[in-house]
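**Student:** Take this structure, written in structure tokens, and hold onto it; I'll ask about it next.
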Amino acid sequence: MLLLYHSGQWRGTVNIVLKTILSRVFLAMITLLAVSMFIFWAAEVLPGDIAARVLGREATEEAKQAFRERLNLDRPVHERYLIWLSGAVRGDFGHALASQRPISEVIGPRLKNTIFLALYAFILYVPLTVFLAAVSALNRERPLDNTISLLTLIGLSLPEFVIGTLLIYIFAVNNPIFPVMANVQRAKNFWDAIRMTTLPAITLTIVMAVYSVRMLRDNLIEVLESDYVRMATLKGLPRWRVVFFHALPNALVPALNTMALNLAYLIGGVVIVEQVFVYPGLGTQLVEAVFLRDAPVIEAIALLVSLIYISANLFTDIFSILSNPRLRSG
Amino acid sequence: MKAKRIFQFLSILLLTTLILTACAPATTPAPAQTQAPAATEAPAQTEAPAATEAPAQTEAPAVTEAPVMACLRVAGVENCGEKLNLDPVNQPCTENSIMVQQVYNRLLDLDENLNPQPELAEKWESNADGTEWTFYLRKGVKFHDGKELTAKDVVYTYKRLIDPATGSEAAATLAFLNPDGIIAQDDYTVVFKLDKPVVELPVLITSKNTYIIQDGATPETLNYKPVGTGPFMPVDFEVNQQPHKFVKNPNYWEPGLPKMECVEFYAIQEATTRNAALLSGEVDLAQQVDYATITTLESSPDVQLMVSPGAATSMVLAMWVDTPPFDDVRVRSALKKALDRQVMLDTVLLGYGVIGDDNPVPPTSPYAWRSEVPPRDLEGAKQLLAEAGYGPDNPLKIDLYMSEYIPGATALGQLFKEQVAEAGVEVNLVIGPASEHWDNVWLKFPFVGSGWNMRHPGEGLAIAHRSNAAYPETHWYREDYDKLLDAANTEPDPVKRAELYKAAAKMISEEGGSITPLFQKIVAALRSNCSGYQPFIQLYRMDLRNVICTP
């Protein structure tokens with residue numbers, strides 16, 4: 001950005017930057033449209049009969065047929081896609097097939113819960129990763145680094161439900177500090193909600209951090225050996241300034257992609273942790289909807305997760321462009 | 001440059017698509033059932049002030065100032081998601097069933113031998129040949145909204161259940177009822193007039209769906225704001241809520257019951273979490289505990305295990321008796337003889353069960369044709385196989401399709417494979433996902449795992465084995481068998497009827513395609529400061545009226 005101010009071609013550069021950003025945004029929207037088509041097709045062609053799933057195995061054939069007709073399941077796929085899309089762009093995703101409730105009512109509360117847990121886990125995860133990676137990189141090959149490496153290796157090998165269950169037994173059953181069930185809908189206030197979601201948030205943090213720490217540590221080591229870092233050290237800057245203001249920002253940029261991926265995972269993929277802690281989140285709802293073949297719910301949640309993932313990627317792209325002049329193109 | 005043009009074209013295309021779809025006429029199909037708007041709520045329900053922050057929406061005229069007491073917290077095993085509702089006609093999950101039975105009552109109840117007991121009906125009688133049954137209702141029973149229970153409510157309930165437009169899962173078992181033959185003779189008398197004699201009518205009209213609803217009630221209210229006569233009433237029932245809260249019905253017709261002021265239902269599918277919640281005191285009662293994790297609970301002083309009084313769910317390996325190699329009765333018998341059922345009981349169910357006798361009636365039942373199942377006969381099995389043409393140079397090879405559709409099923413499959421291997425049979429065990437089992441595996445392959453909730457023999461012997469059964473899982477089509485069941489259905493003398501059931505059970509045991517090595521017992525867990533709960537032999541039935549927890 002400093003380069004921009006000093007260069008005389010301020011306007012020209014802004015033009016280029018804007019163009020690049022806009023082109024990325026357009027690409028993102030096209031991706032989203034294509035993804036929506038794929039999601040719709042996938043949800044509609046799933047084998048299995050929603051009528052049997054909702055009404056139960058012992059329901060009569062007439063009842064099932066009546067159910068199907070009521071929900072327009074006999075119209076052709078492309079017609080149903082356009083109906084759905086026209087509603088979706090206005091925020092109306094239709095009604096859940098199983099209970100006839102509007103989708104916004106069905107996934108609204110779950111989305112709120114998931115975002116809460118995602119933010120909590122993310123806020124724990126980023127500083128923890130940075131801290132552990134920095135400590136490791138600075139103490140390379142020494143006992144501290146080796147210990148951290150060992151711990152991350154153990155964390156990598158343990159499946160999430162084992163980590164979650166272990167945390168439950170240590171911190172909820174044997175020493176009742178936190179509750180077993182993250183029943184966040186019954187939380188009395190903000191701090192109560194924090195208390196309830198701490199164990200699942202820690203579980204998710206561990207699960208995500210073990211990958212990022214290793215990656216960031218390797219990046220950081222590489223950057224710490226580059227010329228400009230040596231220059232900064234020789235100039236007499238304190239070590240911590242060198243690390244945090246010069247080395248880390250550059251090492252962090254490739255790690256941003258992983259963090260964006262992790263954010264998307266937090267929104268849509270934490271069903272196992274949700275099951276272990278009985279957390280009313282979006283992941284469980286998506287899985288239930290798939291079992292039920294409840295297409296509108298599947299489509300809405302899948303689209304939401306795609307939107308978040310595409311947006312997260314978009315932001316990291318834009319951030320990279322803004323911070324790295326070499327990435328700008330015409 | 002070319003890339004730029006393509007890009008511009010694509011963006012115009014994108015914008016056009018979006019504009020067109022946004023302006024398309026709104027043809028989203030309106031749901032057939034509109035949710036009842038909040039304004040028309042069910043008339044005043046007395047709401048005991050809750051310990052937590054449940055908002056007080058309905059101001060009842062006569063609010064009983066009950067002291068604030070802890071609720072009984074129940075952990076169910078299944079989360080029904082969007083399918084959850086309180087309409088008795090269809091209960092696709094156990095989560096629905098355990099809540100429905102708190103809100104309503106049935107005409108009759110079934111005791112642990114599945115014999116009918118009075119509930120809303122004080123007494124009942126039939127005419128000489130069983131074509132006309134009369135039920136006398138208890139007087140003064142009130143619904144939660146204050147209206148009195150009358151015969152019209154019962155008539156409406158049953159007519160709705162058998163109406164094909166309702167699409168109830170109970171319609172098949174109640175098919176013998178004629179809608180015009182269900183009559184309210186007066187305010188407290190209901191008569192069932194039948195075309196053919198049905199001697200087991202009291203048992204057959206008592207199932208998990210036959211809870212009595214108000215005359216004229218529709219899904220608009222039944223789904224989320226039901227009104228019943230039962231011991232508990234729902235409070236702000238919502239589908240996605242956890243837990244679901246129910247308060248005591250202050251006007252419940254059984255004096256002194258229910259004992260708890262309120263009940264909260266949690267749904268915890270993950271077995272280890274359910275145990276943890278029980279151990280940490282977050283729930284008081286777990287509907288069922290996994291056999292694999294029973295030992296952790298056994299050793300805790302805070303938790304007591306409660307076992308159902310008798311055999312509950314059967315574990316069955318169903319063979320198609322008309323398909324080779326199972327069409328040879330010697331092969332079927334050999335497979336049955338080759339099993340060491342005691343080992344299966346100890347390994348799969350940790351002893352919490354009953355050995356089965358290859359038919360739907362457990363040996364512990366008064367209707368069993370024998371009470372002792374002979375031990376393993378490996379030599380006999382080998383001999384039968386040899387007679388059927390199999391031996392070491394021509395081993396019998398079969399495929400068995402299993403999944404963990406009930407706890408312990410895959411272990412049972414593996415143990416089966418190992419045990420029959422000692423008789424020279426090679427089993428290819430195909431294990432699939434539990435969620436697909438009932439849709440895609442059961443009834444579709446010649447040798448699959450199955451399981452049945454405990455039923456009265458009249459129903460249990462028919463549901464899978466009659467020639468016209470809805471679920472012919474063994475392809476057993478035998479006229480002589482049907483004749484036995486028909487005779488039992490019309491035999492008024494209970495002793496003779498029992499003999500007919502026994503004869504039918506014997507036939508399935510000796511010649512049928514149902515290998516039934518085990519019956520599970522339901523094991524529930526209750527915290528030590530609570531008492532008064534006994535698991536029933538049907539998993540979905542939880543009788544909470546007598547449960548009491550002291551702090």
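Chain labels run A, B, ... following the order of the structure tokens; each chain numbers its residues from 1, and ligands are numbered from 1 in the order shown.
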Considering only C-alpha atoms, return as an mmCIF file with C-alpha atoms, in the first residue's frame whatever protein or nucleic-acid residues lie within 10 Å of segment 92-95 of chain B, sequence-local ones (same chain, fewer than 5 positions apart) excluded.
**Tutor:**
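Below is the file out.cif, written as the result:
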data_model
loop_
_atom_site.group_PDB
_atom_site.id
_atom_site.type_symbol
_atom_site.label_atom_id
_atom_site.label_comp_id
_atom_site.auth_asym_id
_atom_site.auth_seq_id
_atom_site.Cartn_x
_atom_site.Cartn_y
_atom_site.Cartn_z
ATOM 1 C CA ALA A 52 -41.235 -43.433 3.609
ATOM 2 C CA ARG A 53 -38.641 -41.657 5.712
ATOM 3 C CA VAL A 54 -41.066 -39.100 7.103
ATOM 4 C CA LEU A 55 -44.192 -41.237 7.481
ATOM 5 C CA GLY A 56 -42.315 -44.289 8.692
ATOM 6 C CA ARG A 57 -41.785 -47.733 7.353
ATOM 7 C CA GLU A 58 -45.276 -48.930 8.172
ATOM 8 C CA ALA A 59 -47.207 -46.184 6.335
ATOM 9 C CA ALA B 75 -32.449 -38.732 27.988
ATOM 10 C CA GLY B 76 -33.956 -40.465 24.977
ATOM 11 C CA VAL B 77 -31.881 -42.456 22.514
ATOM 12 C CA GLU B 78 -33.092 -41.015 19.262
ATOM 13 C CA ASN B 79 -33.281 -37.496 17.915
ATOM 14 C CA CYS B 80 -36.189 -37.221 15.523
ATOM 15 C CA GLY B 81 -35.319 -33.822 14.085
ATOM 16 C CA LYS B 83 -40.182 -35.398 12.065
ATOM 17 C CA LEU B 84 -40.995 -34.793 15.711
ATOM 18 C CA ASN B 85 -44.632 -34.113 16.524
ATOM 19 C CA LEU B 86 -47.219 -35.189 19.080
ATOM 20 C CA VAL B 100 -46.927 -38.928 23.006
ATOM 21 C CA GLU B 169 -49.125 -46.907 10.378
ATOM 22 C CA PHE B 265 -36.939 -34.777 27.433
ATOM 23 C CA TYR B 266 -33.451 -34.607 25.984
ATOM 24 C CA ALA B 267 -32.390 -36.560 22.926
ATOM 25 C CA GLN B 287 -34.108 -44.506 28.234
ATOM 26 C CA LEU B 539 -38.525 -49.790 24.058
ATOM 27 C CA TYR B 540 -40.783 -46.923 23.115
ATOM 28 C CA ARG B 541 -42.890 -47.153 26.248
#
**Student:** Pull the helix (DSSP H, G or I) assignments for segment 215-295 of chain B out of DSSP run on the backbone, and list those residues as a VMD selection string.
**Tutor:** chain B and resid 219 to 222 271 to 280 291 to 295
**Student:** Include C-alpha atoms and write out the residues we just selected as a PDB file, in the first residue's frame.
**Tutor:**
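So result23.pdb came out as:
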ATOM      1  CA  PRO B 219     -52.930 -32.147  12.911  1.00  0.00           C
ATOM      2  CA  GLU B 220     -53.030 -28.340  13.204  1.00  0.00           C
ATOM      3  CA  THR B 221     -53.354 -28.741  16.945  1.00  0.00           C
ATOM      4  CA  LEU B 222     -52.247 -32.332  17.435  1.00  0.00           C
ATOM      5  CA  ALA B 271     -24.142 -43.412  23.882  1.00  0.00           C
ATOM      6  CA  THR B 272     -21.020 -42.172  25.687  1.00  0.00           C
ATOM      7  CA  THR B 273     -22.465 -38.679  26.008  1.00  0.00           C
ATOM      8  CA  ARG B 274     -25.698 -40.102  27.405  1.00  0.00           C
ATOM      9  CA  ASN B 275     -23.726 -41.949  30.044  1.00  0.00           C
ATOM     10  CA  ALA B 276     -21.644 -38.873  30.802  1.00  0.00           C
ATOM     11  CA  ALA B 277     -24.768 -36.758  31.223  1.00  0.00           C
ATOM     12  CA  LEU B 278     -26.174 -39.342  33.610  1.00  0.00           C
ATOM     13  CA  LEU B 279     -22.958 -39.581  35.604  1.00  0.00           C
ATOM     14  CA  SER B 280     -22.574 -35.819  35.867  1.00  0.00           C
ATOM     15  CA  TYR B 291     -24.439 -52.887  26.263  1.00  0.00           C
ATOM     16  CA  ALA B 292     -20.876 -51.929  25.477  1.00  0.00           C
ATOM     17  CA  THR B 293     -20.873 -49.127  28.034  1.00  0.00           C
ATOM     18  CA  ILE B 294     -22.869 -50.823  30.778  1.00  0.00           C
ATOM     19  CA  THR B 295     -19.784 -51.613  32.837  1.00  0.00           C
TER      20      THR B 295
END
**Student:** From the options B:Phe232, B:Tyr188, B:Phe246, B:Tyr158, which residue's atoms come nearest to His144 of chain B, counting only C-alpha atoms?
**Tutor:**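 Of the candidates, the smallest distance to His144 of chain B is held by B:Phe232.
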**Student:** For Asn90 of chain B, which residue out of B:Ala171, B:Met402, B:Leu201, B:Ala388 is the nearest one, using only C-alpha atoms?
**Tutor:** B:Ala171
**Student:** In Å, rounded to a single decimal, give me how far atom CA of Ser306 of chain A is from atom CA of Leu282 of chain A.
**Tutor:**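 Spanning atom CA of Leu282 of chain A to atom CA of Ser306 of chain A is a straight-line distance of 13.2 Å.
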**Student:** I want to know what sits within 10 Å of Ala464 of chain B, based on only C-alpha atoms, with residues of the same chain fewer than 4 positions away left out; could you give that as a ChimeraX atom specification?
**Tutor:** /B:360,452,459-460,468-476,514
**Student:** Considering only C-alpha atoms, return as a ChimeraX atom specification whatever protein or nucleic-acid residues lie within 12 Å of Gly351 of chain B, sequence-local ones (same chain, fewer than 3 positions apart) excluded.
**Tutor:** /B:291-292,294,307,311,341-348,354-355,518-523
**Student:** Using only C-alpha atoms, which of B:Lys208, B:Arg332, B:Lys139, B:Lys147 sits nearest Asp109 of chain B?
**Tutor:**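 Smallest distance to Asp109 of chain B is found for B:Lys208.
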**Student:** Assign secondary structure with DSSP using the backbone only, and return the residues of segment 351-426 of chain B in strand (DSSP E or B) as an mmCIF file with N, CA and C atoms, in the first residue's frame.
**Tutor:**
data_model
loop_
_atom_site.group_PDB
_atom_site.id
_atom_site.type_symbol
_atom_site.label_atom_id
_atom_site.label_comp_id
_atom_site.auth_asym_id
_atom_site.auth_seq_id
_atom_site.Cartn_x
_atom_site.Cartn_y
_atom_site.Cartn_z
ATOM 1 N N GLY B 353 -30.453 -60.346 28.625
ATOM 2 C CA GLY B 353 -31.383 -60.783 27.594
ATOM 3 C C GLY B 353 -31.876 -62.176 27.896
ATOM 4 N N VAL B 354 -32.542 -62.746 26.924
ATOM 5 C CA VAL B 354 -33.131 -64.069 27.070
ATOM 6 C C VAL B 354 -32.794 -64.852 25.810
ATOM 7 N N ILE B 355 -32.470 -66.122 25.955
ATOM 8 C CA ILE B 355 -32.173 -66.936 24.781
ATOM 9 C C ILE B 355 -33.445 -67.165 23.993
ATOM 10 N N GLY B 391 -20.399 -80.635 2.731
ATOM 11 C CA GLY B 391 -19.355 -81.259 3.534
ATOM 12 C C GLY B 391 -18.058 -80.498 3.364
ATOM 13 N N ASN B 394 -17.424 -79.661 -0.110
ATOM 14 C CA ASN B 394 -18.460 -78.820 -0.720
ATOM 15 C C ASN B 394 -19.118 -78.006 0.402
ATOM 16 N N LEU B 396 -21.015 -75.244 2.603
ATOM 17 C CA LEU B 396 -22.151 -74.353 2.397
ATOM 18 C C LEU B 396 -21.655 -72.913 2.484
ATOM 19 N N LYS B 397 -21.923 -72.120 1.433
ATOM 20 C CA LYS B 397 -21.483 -70.721 1.435
ATOM 21 C C LYS B 397 -22.712 -69.823 1.390
ATOM 22 N N ILE B 398 -22.798 -68.920 2.346
ATOM 23 C CA ILE B 398 -23.957 -68.017 2.366
ATOM 24 C C ILE B 398 -23.515 -66.578 2.640
ATOM 25 N N ASP B 399 -24.334 -65.623 2.178
ATOM 26 C CA ASP B 399 -24.097 -64.199 2.458
ATOM 27 C C ASP B 399 -25.078 -63.742 3.518
ATOM 28 N N LEU B 400 -24.557 -63.034 4.506
ATOM 29 C CA LEU B 400 -25.438 -62.478 5.538
ATOM 30 C C LEU B 400 -25.291 -60.966 5.544
ATOM 31 N N TYR B 401 -26.434 -60.248 5.420
ATOM 32 C CA TYR B 401 -26.412 -58.793 5.376
ATOM 33 C C TYR B 401 -26.814 -58.236 6.733
ATOM 34 N N MET B 402 -25.860 -57.566 7.382
ATOM 35 C CA MET B 402 -26.143 -57.022 8.716
ATOM 36 C C MET B 402 -25.772 -55.550 8.750
ATOM 37 N N VAL B 425 -19.618 -74.189 7.713
ATOM 38 C CA VAL B 425 -20.358 -73.247 6.865
ATOM 39 C C VAL B 425 -19.544 -71.970 6.720
ATOM 40 N N GLU B 426 -19.411 -71.485 5.487
ATOM 41 C CA GLU B 426 -18.680 -70.244 5.258
ATOM 42 C C GLU B 426 -19.656 -69.100 5.068
#
**Student:** Just how far from atom CA of Leu32 of chain A is atom CA of Gly281 of chain A, in Å to one decimal?
**Tutor:** 23.1 Å
**Student:** Let me make sure I understand: among A:Thr165, A:Asn262, A:Thr197, A:Ser136, which one has the smallest atom-to-atom distance to chain B if we use only C-alpha atoms?
**Tutor:**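 Distance minimum relative to chain B lands on A:Thr165.
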**Student:** Would you pick out the contacts of Leu286 of chain A at 10 Å or less, using only C-alpha atoms, so that residues sharing its chain but fewer than 3 positions from it are not included, and give the list as a ChimeraX atom specification?
**Tutor:** /A:107,268-269,271,281-283,289-292,294,297-302
**Student:** Just how far from atom CA of Ile148 of chain A is atom CA of Ile194 of chain A, in Å to one decimal?
**Tutor:**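 Taking atom CA of Ile194 of chain A as the start and atom CA of Ile148 of chain A as the end point, the length is 27.3 Å.
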**Student:** Show which residues sit within 10 Å of Ala498 of chain B, as a list of chain:residue names. Count only C-alpha atoms, and ignore same-chain residues fewer than 4 positions away.
**Tutor:** B:Pro366, B:Tyr367, B:Ala368, B:Trp369, B:Pro457, B:Gly458, B:Ala488, B:Glu491, B:Asp493, B:Pro494, B:Lys502, B:Ala503, B:Ala504
**Student:** Atoms to include: C-alpha atoms. Write the selected residues as an mmCIF file, in the first residue's frame.
**Tutor:**
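Here's the written file out.cif:
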data_model
loop_
_atom_site.group_PDB
_atom_site.id
_atom_site.type_symbol
_atom_site.label_atom_id
_atom_site.label_comp_id
_atom_site.auth_asym_id
_atom_site.auth_seq_id
_atom_site.Cartn_x
_atom_site.Cartn_y
_atom_site.Cartn_z
ATOM 1 C CA PRO B 366 -46.598 -68.431 28.950
ATOM 2 C CA TYR B 367 -47.304 -68.899 25.230
ATOM 3 C CA ALA B 368 -43.956 -70.555 24.472
ATOM 4 C CA TRP B 369 -44.150 -74.117 23.219
ATOM 5 C CA PRO B 457 -48.421 -63.611 20.082
ATOM 6 C CA GLY B 458 -51.615 -62.897 18.183
ATOM 7 C CA ALA B 488 -56.691 -68.838 17.457
ATOM 8 C CA GLU B 491 -61.199 -69.354 19.815
ATOM 9 C CA ASP B 493 -61.407 -70.285 25.383
ATOM 10 C CA PRO B 494 -58.074 -68.758 26.452
ATOM 11 C CA LYS B 502 -47.952 -72.746 20.896
ATOM 12 C CA ALA B 503 -48.557 -74.972 17.883
ATOM 13 C CA ALA B 504 -47.910 -72.050 15.555
#
**Student:** Please determine, counting only C-alpha atoms, which residue among B:Asn115, B:Asn489, B:Gly256, B:Ile212 has the shortest atom-to-atom distance to Lys196 of chain B.
**Tutor:** B:Asn489
**Student:** Would you list the contacts of Asp284 of chain B as a list in words, taking every protein, DNA or RNA residue within 9 Å and counting only C-alpha atoms, but skipping same-chain residues closer than 2 positions in sequence?
**Tutor:** Leu72, Arg73, Val74, Ala75, Ala277, Leu278, Leu279, Gly281, Glu282, Ala286, Val303, Ala525, Leu526, Arg527, Ser528, Asn529, Cys530 and Cys549 of chain B
**Student:** Between A:Ile16, A:Ala98, A:Val77, A:Met215, which has the minimum distance to Ile50 of chain A (counting only C-alpha atoms)?
**Tutor:**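 Looking only at the distances to Ile50 of chain A, the closest residue turns out to be A:Ala98.
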